[in-house]
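Data from start_23.cif: mmCIF, C-alpha atoms
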```cif
data_final
loop_
_atom_site.label_atom_id
_atom_site.label_comp_id
_atom_site.auth_asym_id
_atom_site.auth_seq_id
_atom_site.Cartn_x
_atom_site.Cartn_y
_atom_site.Cartn_z
CA MET A 1 -2.47 118.10 78.65
CA HIS A 2 -3.63 114.95 76.86
CA PRO A 3 -6.57 115.91 74.58
CA ARG A 4 -8.84 113.38 76.27
CA LEU A 5 -8.05 114.87 79.67
CA SER A 6 -8.74 118.30 78.20
CA ALA A 7 -12.10 116.92 77.11
CA LEU A 8 -12.71 115.77 80.69
CA ALA A 9 -11.83 119.24 82.00
CA ALA A 10 -14.29 120.81 79.56
CA LEU A 11 -16.91 118.21 80.47
CA ARG A 12 -16.64 119.22 84.13
CA LEU A 13 -17.18 122.93 83.45
CA THR A 14 -20.55 124.17 84.68
CA ASP A 15 -20.71 127.53 82.88
CA PRO A 16 -22.12 127.04 79.36
CA GLU A 17 -20.04 129.77 77.75
CA GLN A 18 -16.83 128.45 79.33
CA LYS A 19 -17.70 124.92 78.21
CA VAL A 20 -18.31 126.11 74.65
CA ALA A 21 -15.03 128.04 74.55
CA ALA A 22 -13.04 125.12 75.98
CA THR A 23 -14.62 122.70 73.50
CA HIS A 24 -13.78 124.90 70.53
CA ALA A 25 -10.21 125.28 71.82
CA ILE A 26 -9.66 121.53 72.16
CA ALA A 27 -11.07 120.87 68.69
CA ALA A 28 -8.82 123.55 67.17
CA LEU A 29 -5.69 122.20 68.88
CA THR A 30 -6.34 118.62 67.83
CA ALA A 31 -7.52 119.33 64.28
CA THR A 32 -4.12 118.36 62.87
CA ASP A 33 -2.16 117.00 65.84
CA SER A 34 -2.17 113.30 66.68
CA ILE A 35 -4.14 112.00 69.66
CA ALA A 36 -2.30 109.39 71.68
CA THR A 37 -4.42 106.32 72.35
CA GLU A 38 -2.85 105.01 75.55
CA PRO A 39 -5.28 104.50 78.50
CA ILE A 40 -5.92 107.63 80.57
CA ARG A 41 -8.73 106.54 82.91
CA THR A 42 -8.04 106.50 86.68
CA ALA A 43 -10.12 105.48 89.69
CA GLY A 44 -12.67 108.11 90.69
CA ASP A 45 -12.04 110.31 87.67
CA ASP A 46 -15.75 110.62 86.97
CA GLN A 47 -16.25 113.06 89.84
CA GLY A 48 -17.94 116.21 88.62
CA VAL A 49 -19.19 114.61 85.40
CA PRO A 50 -21.07 116.18 83.79
CA GLY A 51 -20.62 119.82 84.67
CA ARG A 52 -23.94 121.64 84.43
CA PRO A 53 -25.26 125.01 85.60
CA GLU A 54 -27.80 125.20 88.42
CA ARG A 55 -30.40 126.22 85.89
CA PRO A 56 -32.35 124.99 84.05
CA VAL A 57 -34.25 123.12 86.72
CA ARG A 58 -34.20 119.47 85.63
CA VAL A 59 -37.52 117.64 85.63
CA SER A 60 -38.88 114.42 84.16
CA ALA A 61 -39.72 114.43 80.46
CA THR A 62 -43.43 114.15 81.26
CA ALA A 63 -43.26 117.20 83.54
CA VAL A 64 -42.00 119.56 80.84
CA GLN A 65 -44.86 121.93 80.10
CA LYS A 66 -45.90 122.08 76.44
CA ARG A 67 -46.53 125.56 75.04
CA SER A 68 -47.88 126.64 71.68
CA PRO A 69 -45.25 127.92 69.21
CA PHE A 70 -47.87 130.44 68.11
CA THR A 71 -47.13 132.55 71.21
CA PRO A 72 -43.81 134.35 71.86
CA GLU A 73 -43.29 132.51 75.16
CA GLY A 74 -44.18 129.21 73.55
CA ARG A 75 -41.58 129.72 70.82
CA ALA A 76 -39.01 130.70 73.42
CA SER A 77 -39.80 127.51 75.35
CA LEU A 78 -39.39 125.46 72.16
CA ILE A 79 -36.03 127.06 71.33
CA HIS A 80 -34.95 126.58 74.95
CA SER A 81 -35.77 122.87 74.81
CA ILE A 82 -33.59 122.43 71.70
CA CYS A 83 -30.87 124.56 73.28
CA HIS A 84 -30.95 122.23 76.29
CA ILE A 85 -30.60 119.20 74.02
CA GLU A 86 -27.57 120.78 72.36
CA PHE A 87 -25.96 121.57 75.72
CA ASN A 88 -26.40 117.94 76.73
CA ALA A 89 -25.02 116.90 73.34
CA ILE A 90 -21.80 118.82 74.03
CA ASN A 91 -21.42 116.85 77.25
CA LEU A 92 -22.28 113.63 75.48
CA ALA A 93 -19.59 114.10 72.82
CA LEU A 94 -16.94 115.17 75.34
CA ASP A 95 -17.84 112.16 77.48
CA ALA A 96 -17.47 109.84 74.46
CA VAL A 97 -13.95 111.24 73.96
CA TRP A 98 -12.85 110.97 77.57
CA ARG A 99 -14.62 107.91 78.92
CA TYR A 100 -13.61 105.03 76.68
CA ASP A 101 -10.03 103.76 76.58
CA GLY A 102 -8.92 101.41 73.84
CA MET A 103 -10.48 103.07 70.80
CA PRO A 104 -8.65 104.16 67.62
CA GLU A 105 -7.44 107.72 67.22
CA ALA A 106 -10.10 108.30 64.53
CA TYR A 107 -12.82 107.61 67.11
CA TYR A 108 -11.56 110.33 69.45
CA ARG A 109 -11.09 112.74 66.56
CA ASP A 110 -14.64 112.09 65.32
CA TRP A 111 -16.20 112.82 68.69
CA LEU A 112 -14.14 115.96 69.23
CA CYS A 113 -15.49 117.18 65.89
CA VAL A 114 -19.02 116.37 67.06
CA ALA A 115 -18.44 118.27 70.33
CA ASP A 116 -17.20 121.29 68.38
CA GLU A 117 -20.32 121.33 66.19
CA GLU A 118 -22.67 120.80 69.13
CA ALA A 119 -21.05 123.79 70.83
CA LEU A 120 -21.77 125.87 67.72
CA HIS A 121 -25.39 124.71 67.72
CA PHE A 122 -25.79 125.70 71.35
CA THR A 123 -24.28 129.11 70.66
CA LEU A 124 -26.59 129.79 67.72
CA LEU A 125 -29.68 128.78 69.66
CA HIS A 126 -28.71 130.63 72.82
CA ALA A 127 -27.99 133.82 70.90
CA HIS A 128 -31.38 133.53 69.21
CA LEU A 129 -33.07 132.86 72.54
CA GLN A 130 -31.47 135.99 73.97
CA ASP A 131 -32.65 138.00 70.95
CA MET A 132 -36.15 136.83 71.90
CA GLY A 133 -35.67 138.14 75.45
CA TRP A 134 -34.83 134.89 77.25
CA ARG A 135 -31.76 132.96 78.37
CA TYR A 136 -30.74 129.33 78.75
CA GLY A 137 -32.06 128.26 82.14
CA ASP A 138 -35.28 130.27 82.03
CA PHE A 139 -37.38 127.14 81.38
CA PRO A 140 -37.12 123.62 82.87
CA GLY A 141 -35.32 120.85 81.01
CA HIS A 142 -35.26 117.07 81.19
CA ASP A 143 -32.32 114.66 81.24
CA GLY A 144 -33.48 111.92 78.88
CA LEU A 145 -30.36 112.09 76.74
CA TRP A 146 -27.92 112.12 79.64
CA ASN A 147 -29.77 109.34 81.46
CA MET A 148 -28.93 106.96 78.61
CA CYS A 149 -25.32 108.12 78.79
CA GLU A 150 -25.29 107.06 82.42
CA LYS A 151 -26.81 103.68 81.62
CA THR A 152 -24.16 102.97 78.96
CA LYS A 153 -21.14 104.44 80.73
CA ASP A 154 -19.42 101.05 81.03
CA ASP A 155 -20.07 99.85 77.47
CA VAL A 156 -18.94 101.90 74.47
CA LEU A 157 -20.77 99.56 72.07
CA ALA A 158 -24.07 100.19 73.87
CA ARG A 159 -23.33 103.92 73.98
CA MET A 160 -22.87 104.08 70.21
CA ALA A 161 -26.00 101.98 69.63
CA LEU A 162 -28.37 103.77 71.97
CA VAL A 163 -27.33 107.42 72.06
CA PRO A 164 -26.25 108.71 68.62
CA ARG A 165 -28.05 106.15 66.47
CA THR A 166 -31.18 105.94 68.64
CA LEU A 167 -31.90 109.03 70.74
CA GLU A 168 -30.03 111.57 68.60
CA ALA A 169 -31.39 110.05 65.42
CA ARG A 170 -34.84 111.08 66.64
CA GLY A 171 -33.74 114.63 65.95
CA LEU A 172 -33.50 113.74 62.27
CA ASP A 173 -37.16 112.77 62.41
CA ALA A 174 -38.40 115.61 64.60
CA THR A 175 -36.61 118.61 63.11
CA PRO A 176 -38.59 118.89 59.84
CA LEU A 177 -41.85 118.71 61.82
CA ILE A 178 -40.70 121.52 64.12
CA GLN A 179 -39.61 123.58 61.13
CA ALA A 180 -43.01 123.13 59.50
CA LYS A 181 -44.73 124.52 62.59
CA LEU A 182 -42.36 127.47 62.74
CA ARG A 183 -42.95 128.26 59.08
CA ARG A 184 -46.67 128.42 59.81
CA VAL A 185 -45.96 130.91 62.58
CA ASN A 186 -44.09 132.99 59.97
CA THR A 187 -42.66 135.63 62.31
CA PRO A 188 -39.04 136.83 61.92
CA ASP A 189 -37.92 134.95 65.04
CA ALA A 190 -39.67 131.76 63.89
CA LEU A 191 -38.07 131.93 60.45
CA ARG A 192 -34.65 132.56 61.98
CA ALA A 193 -35.16 129.44 64.08
CA VAL A 194 -35.90 127.48 60.90
CA GLU A 195 -32.56 128.66 59.46
CA ILE A 196 -30.68 127.55 62.58
CA LEU A 197 -32.42 124.18 62.50
CA ASP A 198 -31.28 123.73 58.88
CA ILE A 199 -27.68 123.96 60.12
CA ILE A 200 -28.34 121.60 63.01
CA LEU A 201 -30.09 119.01 60.84
CA ARG A 202 -27.25 119.04 58.32
CA ASP A 203 -24.66 118.46 61.04
CA GLU A 204 -26.71 115.92 62.98
CA VAL A 205 -26.86 113.65 59.94
CA GLY A 206 -23.09 113.48 60.23
CA HIS A 207 -23.20 112.88 63.97
CA VAL A 208 -25.60 109.97 63.63
CA ALA A 209 -23.44 108.61 60.82
CA ILE A 210 -20.46 108.66 63.18
CA GLY A 211 -22.48 106.73 65.74
CA ASN A 212 -23.51 104.21 63.11
CA HIS A 213 -19.92 103.79 61.91
CA TRP A 214 -18.47 103.15 65.33
CA TYR A 215 -21.35 100.91 66.41
CA ARG A 216 -20.73 98.67 63.42
CA TRP A 217 -16.96 98.81 63.92
CA LEU A 218 -17.36 97.71 67.54
CA CYS A 219 -19.76 94.92 66.57
CA ALA A 220 -17.28 93.68 63.96
CA ARG A 221 -14.47 93.75 66.52
CA ALA A 222 -16.60 91.71 68.92
CA GLY A 223 -17.75 89.29 66.21
CA LEU A 224 -21.38 90.40 66.51
CA ASP A 225 -24.01 90.95 63.84
CA ALA A 226 -24.85 94.64 64.17
CA GLU A 227 -28.49 94.38 63.14
CA ALA A 228 -29.20 91.29 65.25
CA ASN A 229 -27.40 92.73 68.29
CA TYR A 230 -29.31 96.00 68.36
CA PRO A 231 -32.67 94.74 69.72
CA ALA A 232 -30.85 92.94 72.53
CA LEU A 233 -29.18 96.21 73.55
CA VAL A 234 -32.49 98.04 73.43
CA ALA A 235 -33.99 95.47 75.79
CA ARG A 236 -30.96 95.29 78.10
CA TYR A 237 -30.76 99.05 78.61
CA ASP A 238 -34.49 99.76 78.44
CA ALA A 239 -34.09 102.17 75.54
CA PRO A 240 -37.19 103.98 74.29
CA ARG A 241 -39.13 102.52 71.39
CA ILE A 242 -38.67 104.41 68.13
CA ARG A 243 -41.99 105.42 66.60
CA PRO A 244 -43.01 107.17 63.36
CA PRO A 245 -42.88 109.53 61.59
CA PHE A 246 -39.37 108.89 60.26
CA ASN A 247 -37.11 111.05 58.13
CA ILE A 248 -36.07 108.20 55.84
CA GLU A 249 -33.95 110.38 53.54
CA ALA A 250 -31.91 111.79 56.43
CA ARG A 251 -31.54 108.35 58.00
CA GLU A 252 -30.26 106.97 54.70
CA ARG A 253 -27.62 109.71 54.59
CA ALA A 254 -26.73 108.91 58.20
CA GLY A 255 -25.90 105.34 57.25
CA PHE A 256 -28.90 103.26 58.29
CA THR A 257 -29.09 100.12 56.19
CA ALA A 258 -31.88 99.25 53.79
CA GLU A 259 -33.01 96.47 56.14
CA GLU A 260 -33.13 98.82 59.12
CA LEU A 261 -35.16 101.34 57.13
CA ARG A 262 -37.45 98.62 55.83
CA MET A 263 -38.21 97.54 59.38
CA LEU A 264 -38.90 101.16 60.33
CA ALA A 265 -41.30 101.64 57.45
CA ALA A 266 -43.03 98.33 58.22
CA GLY A 267 -43.51 99.27 61.87
CA SER A 268 -41.57 96.23 63.04
CA ASP A 269 -41.21 95.50 66.74
CA THR A 270 -37.47 95.50 66.17
CA PRO A 271 -36.44 99.12 66.84
CA THR A 272 -33.94 101.02 64.71
#
```

Re-express the file's structure as structure tokens.
Amino acid sequence: MHPRLSALAALRLTDPEQKVAATHAIAALTATDSIATEPIRTAGDDQGVPGRPERPVRVSATAVQKRSPFTPEGRASLIHSICHIEFNAINLALDAVWRYDGMPEAYYRDWLCVADEEALHFTLLHAHLQDMGWRYGDFPGHDGLWNMCEKTKDDVLARMALVPRTLEARGLDATPLIQAKLRRVNTPDALRAVEILDIILRDEVGHVAIGNHWYRWLCARAGLDAEANYPALVARYDAPRIRPPFNIEARERAGFTAEELRMLAAGSDTPT
């Protein structure tokens, strides 16, 4: 099967463990083999996308109950929320592989690598959650990340601008703050979560960098100025405003330009 169609098959899977296994298998098979770049999309092929389990119950972001990480259930809820983000991130990366015809082989290879790493992140978090006495699906989750995928499904340039380098880049900012809270808790499960988040933060820098690279590549192909085009995309797709605090060091490593970081630090109305 064409690797991109294999990505679609994995994307449609509803069982998290099956999705993780299929994602790892595709990434392993394509690690050295070439990926043909001919169009593979057909009418109605988005049926069943994305595959998701019945649980967690999906609610609006404002309806997700906040719990203190200083209680066992609160920490489990926190880990569950990150686990849910990583599950959605697997779907996001697989969708980026399957959905967009006409991209270079390196693009598809990059996003298969991202999917593979997101599957590992989900596995680490879910195993930890189970060690704490809970499972994925035991708490509600929201669909903020996937909603932007839906909005940008017909425009790969907007997808690269508004998902990896906007929504996922928020994880670069938020993760150190979460880790600081968990270190204050200072229980074995909290400290293990900090270790897992170290792995996730390291990898997510690379994922955001991939989004930055392909956003700029697409802008160059279209003859657009990447920095000037970004605010227009934010407005067109009603993307969320990016607010401080910012992890400037991680964003630098992820490929944000000096001008973009300057505007962040200055609190400019132009989002980054």

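Here the question is which of A:Arg253, A:His24, A:Arg184, A:Lys151 gets nearest to A:Val205 using all atoms listed in the file, and that residue is A:Arg253.
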
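For the atom pair formed by atom CA of A:Leu125 and atom CA of A:His80, the distance is 7.8 Å, given to one decimal.
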
A:His128 surroundings by all atoms listed in the file, 12 Å radius, close-in-sequence under 5 positions cut, as a CSV table (one decimal) with C-alpha atoms, in the coordinates of the input:
```csv
chain,number,residue,atom,x,y,z
A,75,ARG,CA,-41.6,129.7,70.8
A,76,ALA,CA,-39.0,130.7,73.4
A,78,LEU,CA,-39.4,125.5,72.2
A,79,ILE,CA,-36.0,127.1,71.3
A,80,HIS,CA,-35.0,126.6,75.0
A,82,ILE,CA,-33.6,122.4,71.7
A,83,CYS,CA,-30.9,124.6,73.3
A,121,HIS,CA,-25.4,124.7,67.7
A,122,PHE,CA,-25.8,125.7,71.4
A,123,THR,CA,-24.3,129.1,70.7
A,133,GLY,CA,-35.7,138.1,75.4
A,134,TRP,CA,-34.8,134.9,77.2
A,135,ARG,CA,-31.8,133.0,78.4
A,136,TYR,CA,-30.7,129.3,78.8
A,188,PRO,CA,-39.0,136.8,61.9
A,189,ASP,CA,-37.9,135.0,65.0
A,190,ALA,CA,-39.7,131.8,63.9
A,191,LEU,CA,-38.1,131.9,60.4
A,192,ARG,CA,-34.6,132.6,62.0
A,193,ALA,CA,-35.2,129.4,64.1
A,194,VAL,CA,-35.9,127.5,60.9
A,195,GLU,CA,-32.6,128.7,59.5
A,196,ILE,CA,-30.7,127.6,62.6
A,197,LEU,CA,-32.4,124.2,62.5
```

Report, as AutoDock Vina command-line options, the axis-aligned box around all atoms of stretch 237-243 of chain A present in the file, extended by 3 Å on each side; give centre and edge lengths in Å to one decimal place.
```
--center_x -36.4 --center_y 102.2 --center_z 72.6 --size_x 17.2 --size_y 12.4 --size_z 18.0
```

Excluding A:Ala158 and its own-chain neighbours fewer than 3 positions away, which residues fall within 9 Å of it when counting only C-alpha atoms? Please give them as a count of residues only. 13

List as a ChimeraX atom specification the protein and nucleic acid residues near stretch 32-34 of chain A, meaning an atom at most 9 Å away when only C-alpha atoms are counted, but skip any in the same chain fewer than 2 places from it. /A:28-30,36,105,109

Decode the PyMOL selection byres ((chain A and resi 141) around 6) for the given file into explicit residues and return them as a PyMOL selection string. chain A and resi 56+58+140+142

When you count all atoms listed in the file, which of these residues is closest to A:Arg4: A:Val59, A:Leu129, A:Leu112, A:Ala106?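 Selected residue with least distance to A:Arg4: A:Leu112.
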
Selection: 12 Å around A:Trp217, only C-alpha atoms, excl. self and same-chain fewer than 5 positions, as number ranges by chain: A: 103-104, 106-107, 156-157, 160-161, 210-212, 222-226

What does the distance between atom CA of A:Val64 and atom CA of A:Gly171 come to in Å, to one decimal place? 17.7 Å

Among the residues A:Leu13, A:Ala228, A:Val208, A:Leu177, the one that comes closest to A:Phe246 [using all atoms listed in the file]: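 Using all atoms listed in the file, the shortest distance to A:Phe246 belongs to A:Leu177.
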
What does the distance between atom CA of A:Ser60 and atom CA of A:Asp143 come to in Å, to one decimal place?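 About the pair atom CA of A:Ser60 and atom CA of A:Asp143: they are 7.2 Å apart.
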
Looking at A:Leu264, A:Ala258, A:Ala232, A:Leu8, which one is nearest to A:Pro245, with distances taken over all atoms listed in the file?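 Closest residue, counting all atoms listed in the file: A:Leu264.
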
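Distance check against A:Pro39 using all atoms listed in the file: of A:Val114, A:Ala250, A:Val97, A:Ala266, the minimum falls on A:Val97.
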
For the structure provided, state which residues fall under the PyMOL selection byres ((chain A and resi 86-88) around 8), and present them as a list in words.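 Given this file, the PyMOL selection byres ((chain A and resi 86-88) around 8) evaluates to Pro16, Ile82, Cys83, His84, Ile85, Ala89, Ile90, Asn91, Leu92, Glu118, Ala119, His121, Phe122, Leu145 and Trp146 of chain A.
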
What does the PyMOL selection byres ((chain A and resi 173-176) around 9) select in this file, as a PyMOL selection string? chain A and resi 169-172+177-181+197-198+200-201+244-248+250-251

Could I get stretch 66-99 of chain A rebuilt with N, CA and C atoms, written as a PDB file, in the coordinates of the input?
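Below you can see rebuild_7.pdb, which holds the result:
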```
ATOM      1  N   LYS A  66     -45.833 121.829  77.880  1.00  0.00           N
ATOM      2  CA  LYS A  66     -45.900 122.080  76.440  1.00  0.00           C
ATOM      3  C   LYS A  66     -46.591 123.420  76.201  1.00  0.00           C
ATOM      4  N   ARG A  67     -45.982 124.246  75.357  1.00  0.00           N
ATOM      5  CA  ARG A  67     -46.530 125.560  75.040  1.00  0.00           C
ATOM      6  C   ARG A  67     -46.681 125.686  73.531  1.00  0.00           C
ATOM      7  N   SER A  68     -47.640 126.464  73.105  1.00  0.00           N
ATOM      8  CA  SER A  68     -47.880 126.640  71.680  1.00  0.00           C
ATOM      9  C   SER A  68     -46.796 127.498  71.046  1.00  0.00           C
ATOM     10  N   PRO A  69     -46.238 127.079  69.905  1.00  0.00           N
ATOM     11  CA  PRO A  69     -45.250 127.920  69.210  1.00  0.00           C
ATOM     12  C   PRO A  69     -45.880 129.165  68.594  1.00  0.00           C
ATOM     13  N   PHE A  70     -47.204 129.282  68.666  1.00  0.00           N
ATOM     14  CA  PHE A  70     -47.870 130.440  68.110  1.00  0.00           C
ATOM     15  C   PHE A  70     -47.930 131.610  69.095  1.00  0.00           C
ATOM     16  N   THR A  71     -47.301 131.441  70.268  1.00  0.00           N
ATOM     17  CA  THR A  71     -47.130 132.550  71.210  1.00  0.00           C
ATOM     18  C   THR A  71     -45.636 132.809  71.379  1.00  0.00           C
ATOM     19  N   PRO A  72     -45.240 134.060  71.676  1.00  0.00           N
ATOM     20  CA  PRO A  72     -43.810 134.350  71.860  1.00  0.00           C
ATOM     21  C   PRO A  72     -43.177 133.494  72.953  1.00  0.00           C
ATOM     22  N   GLU A  73     -43.856 133.327  74.084  1.00  0.00           N
ATOM     23  CA  GLU A  73     -43.290 132.510  75.160  1.00  0.00           C
ATOM     24  C   GLU A  73     -43.213 131.050  74.752  1.00  0.00           C
ATOM     25  N   GLY A  74     -44.206 130.590  74.019  1.00  0.00           N
ATOM     26  CA  GLY A  74     -44.180 129.210  73.550  1.00  0.00           C
ATOM     27  C   GLY A  74     -43.021 128.947  72.619  1.00  0.00           C
ATOM     28  N   ARG A  75     -42.731 129.893  71.720  1.00  0.00           N
ATOM     29  CA  ARG A  75     -41.580 129.720  70.820  1.00  0.00           C
ATOM     30  C   ARG A  75     -40.280 129.756  71.596  1.00  0.00           C
ATOM     31  N   ALA A  76     -40.211 130.648  72.590  1.00  0.00           N
ATOM     32  CA  ALA A  76     -39.010 130.700  73.420  1.00  0.00           C
ATOM     33  C   ALA A  76     -38.811 129.379  74.160  1.00  0.00           C
ATOM     34  N   SER A  77     -39.889 128.796  74.664  1.00  0.00           N
ATOM     35  CA  SER A  77     -39.800 127.510  75.350  1.00  0.00           C
ATOM     36  C   SER A  77     -39.319 126.416  74.406  1.00  0.00           C
ATOM     37  N   LEU A  78     -39.813 126.440  73.163  1.00  0.00           N
ATOM     38  CA  LEU A  78     -39.390 125.460  72.160  1.00  0.00           C
ATOM     39  C   LEU A  78     -37.903 125.597  71.865  1.00  0.00           C
ATOM     40  N   ILE A  79     -37.450 126.830  71.609  1.00  0.00           N
ATOM     41  CA  ILE A  79     -36.030 127.060  71.330  1.00  0.00           C
ATOM     42  C   ILE A  79     -35.185 126.662  72.535  1.00  0.00           C
ATOM     43  N   HIS A  80     -35.678 126.956  73.733  1.00  0.00           N
ATOM     44  CA  HIS A  80     -34.950 126.580  74.950  1.00  0.00           C
ATOM     45  C   HIS A  80     -34.796 125.068  75.043  1.00  0.00           C
ATOM     46  N   SER A  81     -35.852 124.322  74.705  1.00  0.00           N
ATOM     47  CA  SER A  81     -35.770 122.870  74.810  1.00  0.00           C
ATOM     48  C   SER A  81     -34.714 122.309  73.854  1.00  0.00           C
ATOM     49  N   ILE A  82     -34.618 122.884  72.653  1.00  0.00           N
ATOM     50  CA  ILE A  82     -33.590 122.430  71.700  1.00  0.00           C
ATOM     51  C   ILE A  82     -32.216 122.865  72.172  1.00  0.00           C
ATOM     52  N   CYS A  83     -32.135 124.073  72.716  1.00  0.00           N
ATOM     53  CA  CYS A  83     -30.870 124.560  73.280  1.00  0.00           C
ATOM     54  C   CYS A  83     -30.382 123.621  74.383  1.00  0.00           C
ATOM     55  N   HIS A  84     -31.301 123.153  75.209  1.00  0.00           N
ATOM     56  CA  HIS A  84     -30.950 122.230  76.290  1.00  0.00           C
ATOM     57  C   HIS A  84     -30.444 120.903  75.732  1.00  0.00           C
ATOM     58  N   ILE A  85     -31.072 120.426  74.677  1.00  0.00           N
ATOM     59  CA  ILE A  85     -30.600 119.200  74.020  1.00  0.00           C
ATOM     60  C   ILE A  85     -29.180 119.390  73.519  1.00  0.00           C
ATOM     61  N   GLU A  86     -28.907 120.536  72.905  1.00  0.00           N
ATOM     62  CA  GLU A  86     -27.570 120.780  72.360  1.00  0.00           C
ATOM     63  C   GLU A  86     -26.531 120.917  73.462  1.00  0.00           C
ATOM     64  N   PHE A  87     -26.894 121.507  74.594  1.00  0.00           N
ATOM     65  CA  PHE A  87     -25.960 121.570  75.720  1.00  0.00           C
ATOM     66  C   PHE A  87     -25.620 120.165  76.201  1.00  0.00           C
ATOM     67  N   ASN A  88     -26.644 119.330  76.336  1.00  0.00           N
ATOM     68  CA  ASN A  88     -26.400 117.940  76.730  1.00  0.00           C
ATOM     69  C   ASN A  88     -25.574 117.211  75.677  1.00  0.00           C
ATOM     70  N   ALA A  89     -25.773 117.561  74.408  1.00  0.00           N
ATOM     71  CA  ALA A  89     -25.020 116.900  73.340  1.00  0.00           C
ATOM     72  C   ALA A  89     -23.542 117.266  73.383  1.00  0.00           C
ATOM     73  N   ILE A  90     -23.214 118.484  73.824  1.00  0.00           N
ATOM     74  CA  ILE A  90     -21.800 118.820  74.030  1.00  0.00           C
ATOM     75  C   ILE A  90     -21.209 117.882  75.072  1.00  0.00           C
ATOM     76  N   ASN A  91     -21.901 117.744  76.197  1.00  0.00           N
ATOM     77  CA  ASN A  91     -21.420 116.850  77.250  1.00  0.00           C
ATOM     78  C   ASN A  91     -21.315 115.420  76.757  1.00  0.00           C
ATOM     79  N   LEU A  92     -22.288 114.990  75.996  1.00  0.00           N
ATOM     80  CA  LEU A  92     -22.280 113.630  75.480  1.00  0.00           C
ATOM     81  C   LEU A  92     -21.040 113.369  74.626  1.00  0.00           C
ATOM     82  N   ALA A  93     -20.738 114.295  73.709  1.00  0.00           N
ATOM     83  CA  ALA A  93     -19.590 114.100  72.820  1.00  0.00           C
ATOM     84  C   ALA A  93     -18.278 114.154  73.592  1.00  0.00           C
ATOM     85  N   LEU A  94     -18.155 115.098  74.526  1.00  0.00           N
ATOM     86  CA  LEU A  94     -16.940 115.170  75.340  1.00  0.00           C
ATOM     87  C   LEU A  94     -16.783 113.896  76.172  1.00  0.00           C
ATOM     88  N   ASP A  95     -17.881 113.389  76.695  1.00  0.00           N
ATOM     89  CA  ASP A  95     -17.840 112.160  77.480  1.00  0.00           C
ATOM     90  C   ASP A  95     -17.394 110.983  76.618  1.00  0.00           C
ATOM     91  N   ALA A  96     -17.881 110.931  75.366  1.00  0.00           N
ATOM     92  CA  ALA A  96     -17.470 109.840  74.460  1.00  0.00           C
ATOM     93  C   ALA A  96     -15.979 109.889  74.195  1.00  0.00           C
ATOM     94  N   VAL A  97     -15.398 111.080  74.168  1.00  0.00           N
ATOM     95  CA  VAL A  97     -13.950 111.240  73.960  1.00  0.00           C
ATOM     96  C   VAL A  97     -13.188 110.763  75.183  1.00  0.00           C
ATOM     97  N   TRP A  98     -13.616 111.230  76.347  1.00  0.00           N
ATOM     98  CA  TRP A  98     -12.850 110.970  77.570  1.00  0.00           C
ATOM     99  C   TRP A  98     -13.055 109.560  78.117  1.00  0.00           C
ATOM    100  N   ARG A  99     -14.256 109.059  78.081  1.00  0.00           N
ATOM    101  CA  ARG A  99     -14.620 107.910  78.920  1.00  0.00           C
ATOM    102  C   ARG A  99     -13.997 106.589  78.469  1.00  0.00           C
TER     103      ARG A  99
END
```
